[in-house]
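The data block below is entry.txt; it holds compact mmCIF, C-alpha atoms.
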```txt
# COMPACT_ATOMS: atom_id res chain seq x y z
CA MET A 1 63.61 64.34 21.38
CA ASN A 2 64.81 61.39 23.37
CA LYS A 3 68.41 61.94 24.46
CA THR A 4 69.06 58.52 25.98
CA PRO A 5 72.10 56.56 24.72
CA ASN A 6 69.95 54.44 22.44
CA SER A 7 68.23 57.38 20.82
CA ASP A 8 70.04 56.62 17.55
CA ALA A 9 68.22 53.30 17.51
CA LEU A 10 64.91 55.03 18.22
CA LEU A 11 65.51 57.51 15.42
CA VAL A 12 66.42 54.69 13.04
CA SER A 13 63.28 52.87 14.03
CA ALA A 14 61.20 56.02 13.54
CA TYR A 15 62.74 56.60 10.13
CA ILE A 16 62.07 53.03 9.03
CA ASN A 17 58.47 53.58 10.08
CA GLY A 18 58.16 56.62 7.84
CA ASP A 19 59.31 59.55 9.98
CA GLU A 20 61.50 61.49 7.53
CA SER A 21 62.48 64.05 10.17
CA ALA A 22 64.31 61.29 12.06
CA LEU A 23 66.80 61.06 9.22
CA GLY A 24 67.43 64.79 9.44
CA GLU A 25 68.14 64.40 13.15
CA LEU A 26 70.54 61.50 12.54
CA VAL A 27 72.39 63.38 9.80
CA THR A 28 72.66 66.54 11.90
CA ARG A 29 73.90 64.59 14.88
CA HIS A 30 76.66 62.68 13.09
CA LYS A 31 77.53 64.73 10.00
CA GLN A 32 80.59 66.41 11.53
CA ARG A 33 82.20 63.19 12.70
CA ILE A 34 81.49 61.28 9.52
CA TYR A 35 82.52 64.12 7.21
CA SER A 36 85.74 64.79 9.16
CA PHE A 37 86.60 61.10 9.00
CA ILE A 38 86.11 61.04 5.23
CA TYR A 39 88.05 64.28 4.73
CA SER A 40 90.93 62.96 6.85
CA LYS A 41 91.34 60.20 4.28
CA VAL A 42 90.77 62.00 0.98
CA TYR A 43 92.03 65.55 1.77
CA ASN A 44 89.70 67.06 -0.78
CA ARG A 45 86.47 68.89 0.02
CA ASP A 46 84.69 67.97 -3.20
CA VAL A 47 85.61 64.29 -2.95
CA ALA A 48 84.64 64.29 0.72
CA GLU A 49 81.22 65.75 -0.20
CA ASP A 50 80.72 63.02 -2.81
CA VAL A 51 81.73 60.21 -0.46
CA PHE A 52 79.58 61.66 2.34
CA GLN A 53 76.62 61.84 -0.03
CA ASP A 54 77.16 58.30 -1.31
CA THR A 55 77.46 57.06 2.26
CA PHE A 56 74.05 58.40 3.24
CA ILE A 57 72.46 57.30 -0.02
CA LYS A 58 73.56 53.78 0.92
CA VAL A 59 72.27 54.30 4.46
CA ILE A 60 68.91 55.53 3.19
CA LYS A 61 68.50 52.65 0.74
CA THR A 62 69.46 50.05 3.32
CA LEU A 63 67.10 51.44 5.93
CA LYS A 64 64.20 51.81 3.50
CA LYS A 65 64.67 48.27 2.24
CA GLY A 66 64.52 47.02 5.82
CA LYS A 67 67.97 45.45 5.61
CA TYR A 68 69.41 47.25 8.62
CA ASN A 69 69.90 44.92 11.55
CA GLU A 70 72.51 46.58 13.75
CA GLU A 71 70.25 48.30 16.22
CA GLY A 72 72.13 50.56 18.63
CA LYS A 73 75.25 50.68 16.46
CA PHE A 74 74.18 53.22 13.91
CA LEU A 75 77.31 55.41 13.87
CA PRO A 76 79.86 52.55 13.62
CA TRP A 77 77.78 51.09 10.81
CA VAL A 78 77.74 54.39 8.91
CA MET A 79 81.47 54.88 9.52
CA ARG A 80 82.13 51.45 8.07
CA ILE A 81 80.14 52.31 4.96
CA ALA A 82 82.10 55.58 4.65
CA HIS A 83 85.37 53.72 5.10
CA ASN A 84 84.50 51.22 2.37
CA LEU A 85 83.49 54.02 0.00
CA VAL A 86 86.78 55.82 0.65
CA ILE A 87 88.61 52.60 -0.29
CA ASP A 88 86.45 52.35 -3.41
CA HIS A 89 87.37 55.92 -4.29
CA PHE A 90 91.10 55.19 -4.10
CA ARG A 91 90.73 51.94 -6.00
CA ARG A 92 88.85 53.78 -8.71
CA ASN A 93 91.46 56.50 -8.95
CA ASN A 94 94.33 54.08 -8.45
CA ARG A 95 96.25 56.43 -6.23
CA MET A 96 96.88 57.28 -2.62
CA PRO A 97 96.41 60.69 -0.93
CA LYS A 98 98.99 63.08 -2.30
CA PHE A 99 100.90 65.96 -0.78
CA GLU A 100 100.20 69.36 -2.19
CA ASN A 101 103.35 71.44 -2.21
CA LYS A 102 102.95 74.66 -0.31
CA ASP A 103 105.34 77.62 -0.03
CA ASP A 104 106.87 76.44 3.22
CA PHE A 105 106.98 72.75 2.43
CA ASN A 106 107.90 70.84 -0.66
CA ILE A 107 107.72 67.07 -0.49
CA PHE A 108 110.65 66.80 -2.89
CA SER A 109 112.88 68.57 -0.37
CA VAL A 110 112.73 65.43 1.79
CA LEU A 111 112.24 62.82 -0.90
CA HIS A 112 114.69 62.15 -3.66
CA ASP A 113 115.67 59.37 -5.99
CA GLY A 114 119.00 58.12 -4.70
CA SER A 115 119.74 55.81 -7.61
CA LEU A 116 122.34 56.88 -10.17
CA ASN A 117 121.40 57.65 -13.72
CA ILE A 118 123.02 55.65 -16.52
CA GLU A 119 125.80 58.20 -17.10
CA SER A 120 126.74 58.29 -13.41
CA LYS A 121 126.70 54.48 -13.32
CA MET A 122 129.14 54.32 -16.26
CA ILE A 123 131.47 56.91 -14.70
CA LYS A 124 131.36 55.08 -11.35
CA SER A 125 132.24 51.81 -13.10
CA GLN A 126 135.16 53.42 -14.96
CA VAL A 127 136.52 55.05 -11.81
CA GLU A 128 136.34 51.77 -9.91
CA ASN A 129 138.16 50.03 -12.76
CA ASP A 130 140.89 52.69 -12.84
CA VAL A 131 141.38 52.41 -9.08
CA LYS A 132 141.69 48.62 -9.35
CA ASN A 133 144.37 48.99 -12.03
CA LEU A 134 146.27 51.48 -9.88
CA ILE A 135 146.10 49.17 -6.89
CA HIS A 136 147.73 46.42 -8.96
CA GLU A 137 150.76 48.70 -9.44
CA LEU A 138 151.40 48.85 -5.68
CA PRO A 139 154.05 46.71 -3.96
CA ASP A 140 152.67 43.35 -2.87
CA ASP A 141 152.64 44.00 0.89
CA GLN A 142 150.86 47.36 0.52
CA ARG A 143 148.35 46.02 -2.02
CA GLU A 144 147.52 43.09 0.26
CA VAL A 145 146.72 45.34 3.25
CA LEU A 146 144.73 47.81 1.17
CA ILE A 147 142.57 45.09 -0.41
CA MET A 148 141.88 43.49 2.96
CA ARG A 149 140.95 46.83 4.54
CA ILE A 150 138.93 48.46 1.73
CA TYR A 151 137.45 45.57 -0.26
CA LYS A 152 137.17 42.89 2.42
CA ASP A 153 136.31 45.37 5.20
CA MET A 154 138.68 43.70 7.66
CA SER A 155 139.95 45.41 10.82
CA PHE A 156 143.67 46.10 11.20
CA LYS A 157 143.72 43.52 13.99
CA GLU A 158 142.36 40.87 11.59
CA ILE A 159 144.79 42.02 8.88
CA SER A 160 147.76 41.75 11.28
CA GLU A 161 146.66 38.26 12.31
CA GLN A 162 146.22 37.08 8.73
CA THR A 163 149.44 38.59 7.35
CA GLY A 164 151.56 37.77 10.41
CA VAL A 165 152.74 41.34 11.03
CA SER A 166 152.00 43.77 13.85
CA ILE A 167 149.05 46.14 13.73
CA ASN A 168 151.46 49.09 13.45
CA THR A 169 153.10 47.52 10.42
CA ALA A 170 149.74 46.91 8.80
CA LEU A 171 148.77 50.54 9.51
CA GLY A 172 152.06 51.71 8.00
CA ARG A 173 151.58 49.62 4.86
CA MET A 174 148.07 51.05 4.45
CA ARG A 175 149.41 54.57 4.86
CA TYR A 176 152.13 54.04 2.25
CA ALA A 177 149.65 52.35 -0.07
CA LEU A 178 147.46 55.47 -0.02
CA ILE A 179 150.45 57.82 -0.37
CA ASN A 180 151.73 55.85 -3.36
CA LEU A 181 148.29 55.78 -4.97
CA ARG A 182 148.04 59.58 -4.64
CA LYS A 183 151.53 59.98 -6.13
CA VAL A 184 150.66 57.87 -9.17
CA ILE A 185 147.36 59.69 -9.64
CA ASP A 186 149.06 63.11 -9.41
CA ARG A 187 151.97 62.10 -11.64
CA HIS A 188 149.73 60.92 -14.44
CA ASN A 189 147.04 63.56 -13.95
CA ILE A 190 144.41 60.88 -13.53
CA VAL A 191 140.92 62.25 -12.79
CA LEU A 192 138.94 60.06 -10.43
CA THR A 193 135.62 61.81 -9.92
CA ASN A 194 132.06 60.71 -10.20
CA MET B 1 116.29 66.75 9.61
CA ALA B 2 114.57 70.00 10.53
CA LYS B 3 113.26 70.27 6.99
CA MET B 4 111.11 67.24 7.62
CA TYR B 5 108.97 69.20 10.07
CA PRO B 6 107.16 72.04 8.34
CA LYS B 7 106.04 74.97 10.49
CA SER B 8 102.46 74.53 9.45
CA ARG B 9 100.87 71.20 8.77
CA PRO B 10 99.00 71.60 5.51
CA ASN B 11 97.21 68.31 5.91
CA ARG B 12 96.03 68.76 9.47
CA VAL B 13 92.35 67.88 9.60
CA SER B 14 90.05 70.11 11.54
CA ASN B 15 87.37 68.38 13.54
CA ASN B 16 84.95 71.16 12.68
CA LEU B 17 84.47 70.18 9.07
CA VAL B 18 80.89 69.68 8.03
CA PRO B 19 79.32 68.90 4.68
CA ARG B 20 77.70 71.66 2.69
CA ASP B 21 74.04 72.51 3.41
CA GLU B 22 73.17 71.63 -0.19
CA THR B 23 74.49 68.11 0.34
CA ILE B 24 72.36 67.64 3.44
CA LYS B 25 69.32 69.06 1.64
CA PHE B 26 69.90 66.75 -1.31
CA LEU B 27 70.04 63.72 1.00
CA LEU B 28 66.85 64.66 2.85
CA ASP B 29 65.04 65.33 -0.45
CA TYR B 30 66.39 62.07 -1.88
CA SER B 31 65.10 60.21 1.14
CA LYS B 32 61.64 61.73 0.74
CA ALA B 33 61.60 60.92 -2.96
CA LEU B 34 62.80 57.35 -2.62
CA SER B 35 60.26 54.67 -2.09
CA VAL B 36 60.89 50.96 -2.00
CA ILE B 37 58.23 48.75 -3.50
CA ASN B 38 58.02 45.15 -2.40
CA TYR B 39 56.78 42.69 -4.96
CA LYS B 40 57.08 38.96 -4.33
CA ASN B 41 60.37 39.00 -2.37
CA VAL B 42 61.82 41.56 -4.81
CA LYS B 43 62.40 45.15 -3.72
CA PHE B 44 62.13 47.88 -6.34
CA GLU B 45 63.45 51.37 -5.82
CA ALA B 46 61.35 54.22 -7.15
CA LEU B 47 62.29 57.90 -7.14
CA LEU B 48 59.22 60.11 -7.07
CA ASN B 49 59.69 63.69 -8.12
```
Let me see whether you can do it: turn the structure in this file into structure tokens.
Amino acid sequence: MNKTPNSDALLVSAYINGDESALGELVTRHKQRIYSFIYSKVYNRDVAEDVFQDTFIKVIKTLKKGKYNEEGKFLPWVMRIAHNLVIDHFRRNNRMPKFENKDDFNIFSVLHDGSLNIESKMIKSQVENDVKNLIHELPDDQREVLIMRIYKDMSFKEISEQTGVSINTALGRMRYALINLRKVIDRHNIVLTN
Amino acid sequence: MAKMYPKSRPNRVSNNLVPRDETIKFLLDYSKALSVINYKNVKFEALLN
């Protein structure tokens, strides 16, 4: 057998001219690479066998019909056919490769749905409403600092500039605002949990 | 974070995977059985058993 770099082209040519053994040589030579490529996409031995088989059926038909015109590029051509058939497979099944959960790895241990369910959303809304009502009971200067810090996300430097007091005063008002909120919550046994 | 890196990689693909012998045999037999008949610019496929 010719082992020169273009021997694929010679084998293809021989096959087109009726030498069936040339196909066997081509399949033997490239089966591992093509099959591994397909398996790396579909992760299923049976599906990989099917796609591999369909790939070479297409190769055989194309060669026998004399439609092959990529002399010297046999393997890239076959890989492209395999790639297209893998895409067809996923289109047909309308899904992407999936993880199979094994003993030492469960995909749901790293993936979770972070959105709240309807009950949690309602509780969160009620808690936020209660907190707003409590804030309204605070003295004006404390409420002003707390709203700027928590709801407007301002720094104490910005708060001091806007309210015309020192940073230490703003910090003190924030501290007393939180202390007073806790007192009211404790006094009235208000439950603020989500 | 460590949980994101399993000790074994279940989806690692070995480069030594090859198709089953039956698949190869089917393809070679299919090739021998398939003949393409040309008739006035039209190509017909015929499978001869």
inquiry  = What's around region 61-64 of chain A at 7 Å? Count only C-alpha atoms, leave out sequence neighbours fewer than 3 positions away in its own chain, and write the answer as a count of residues only.
reply    = 6
message = Please return as a list of chain:residue names every residue within 12 Å of (137.2, 61.2, -15.8), taking into account all atoms listed in the file and the file's own coordinates.
response =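 Neighbouring residues, ordered by chain and number, come to A:Glu119, A:Ser120, A:Met122, A:Ile123, A:Lys124, A:Ser125, A:Gln126, A:Val127, A:Glu128, A:Asn129, A:Asp130, A:Val131, A:Ile185, A:Asn189, A:Ile190, A:Val191, A:Leu192, A:Thr193, A:Asn194.
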Could you write out the selected residues, including C-alpha atoms, as a PDB file, in the coordinates of the input?
```
ATOM      1  CA  GLU A 119     125.800  58.200 -17.100  1.00  0.00           C
ATOM      2  CA  SER A 120     126.740  58.290 -13.410  1.00  0.00           C
ATOM      3  CA  MET A 122     129.140  54.320 -16.260  1.00  0.00           C
ATOM      4  CA  ILE A 123     131.470  56.910 -14.700  1.00  0.00           C
ATOM      5  CA  LYS A 124     131.360  55.080 -11.350  1.00  0.00           C
ATOM      6  CA  SER A 125     132.240  51.810 -13.100  1.00  0.00           C
ATOM      7  CA  GLN A 126     135.160  53.420 -14.960  1.00  0.00           C
ATOM      8  CA  VAL A 127     136.520  55.050 -11.810  1.00  0.00           C
ATOM      9  CA  GLU A 128     136.340  51.770  -9.910  1.00  0.00           C
ATOM     10  CA  ASN A 129     138.160  50.030 -12.760  1.00  0.00           C
ATOM     11  CA  ASP A 130     140.890  52.690 -12.840  1.00  0.00           C
ATOM     12  CA  VAL A 131     141.380  52.410  -9.080  1.00  0.00           C
ATOM     13  CA  ILE A 185     147.360  59.690  -9.640  1.00  0.00           C
ATOM     14  CA  ASN A 189     147.040  63.560 -13.950  1.00  0.00           C
ATOM     15  CA  ILE A 190     144.410  60.880 -13.530  1.00  0.00           C
ATOM     16  CA  VAL A 191     140.920  62.250 -12.790  1.00  0.00           C
ATOM     17  CA  LEU A 192     138.940  60.060 -10.430  1.00  0.00           C
ATOM     18  CA  THR A 193     135.620  61.810  -9.920  1.00  0.00           C
ATOM     19  CA  ASN A 194     132.060  60.710 -10.200  1.00  0.00           C
TER      20      ASN A 194
END
```
key: Residue hits in chain A, query chain B, radius 10 Å, only C-alpha atoms, as an MDAnalysis selection string   = chainID A and resid 15 18:21 23:24 27:28 30:37 39:41 43 45:46 48:50 52:54 56:57 59:61 64:66 98:102 104:107 109:111
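The space separating CA of Leu171 (chain A) from CA of Ile147 (chain A) comes to 12.9 Å.
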CA of Thr163 (chain A) to CA of Glu144 (chain A), straight-line distance in Å =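 Rounded to one decimal, the two atoms are 8.6 Å apart.
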ask   = Which distance in Å separates CA of Val12 (chain A) and CA of Arg80 (chain A), to one decimal?
value =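 We find that CA of Val12 (chain A) and CA of Arg80 (chain A) lie 16.8 Å from each other.
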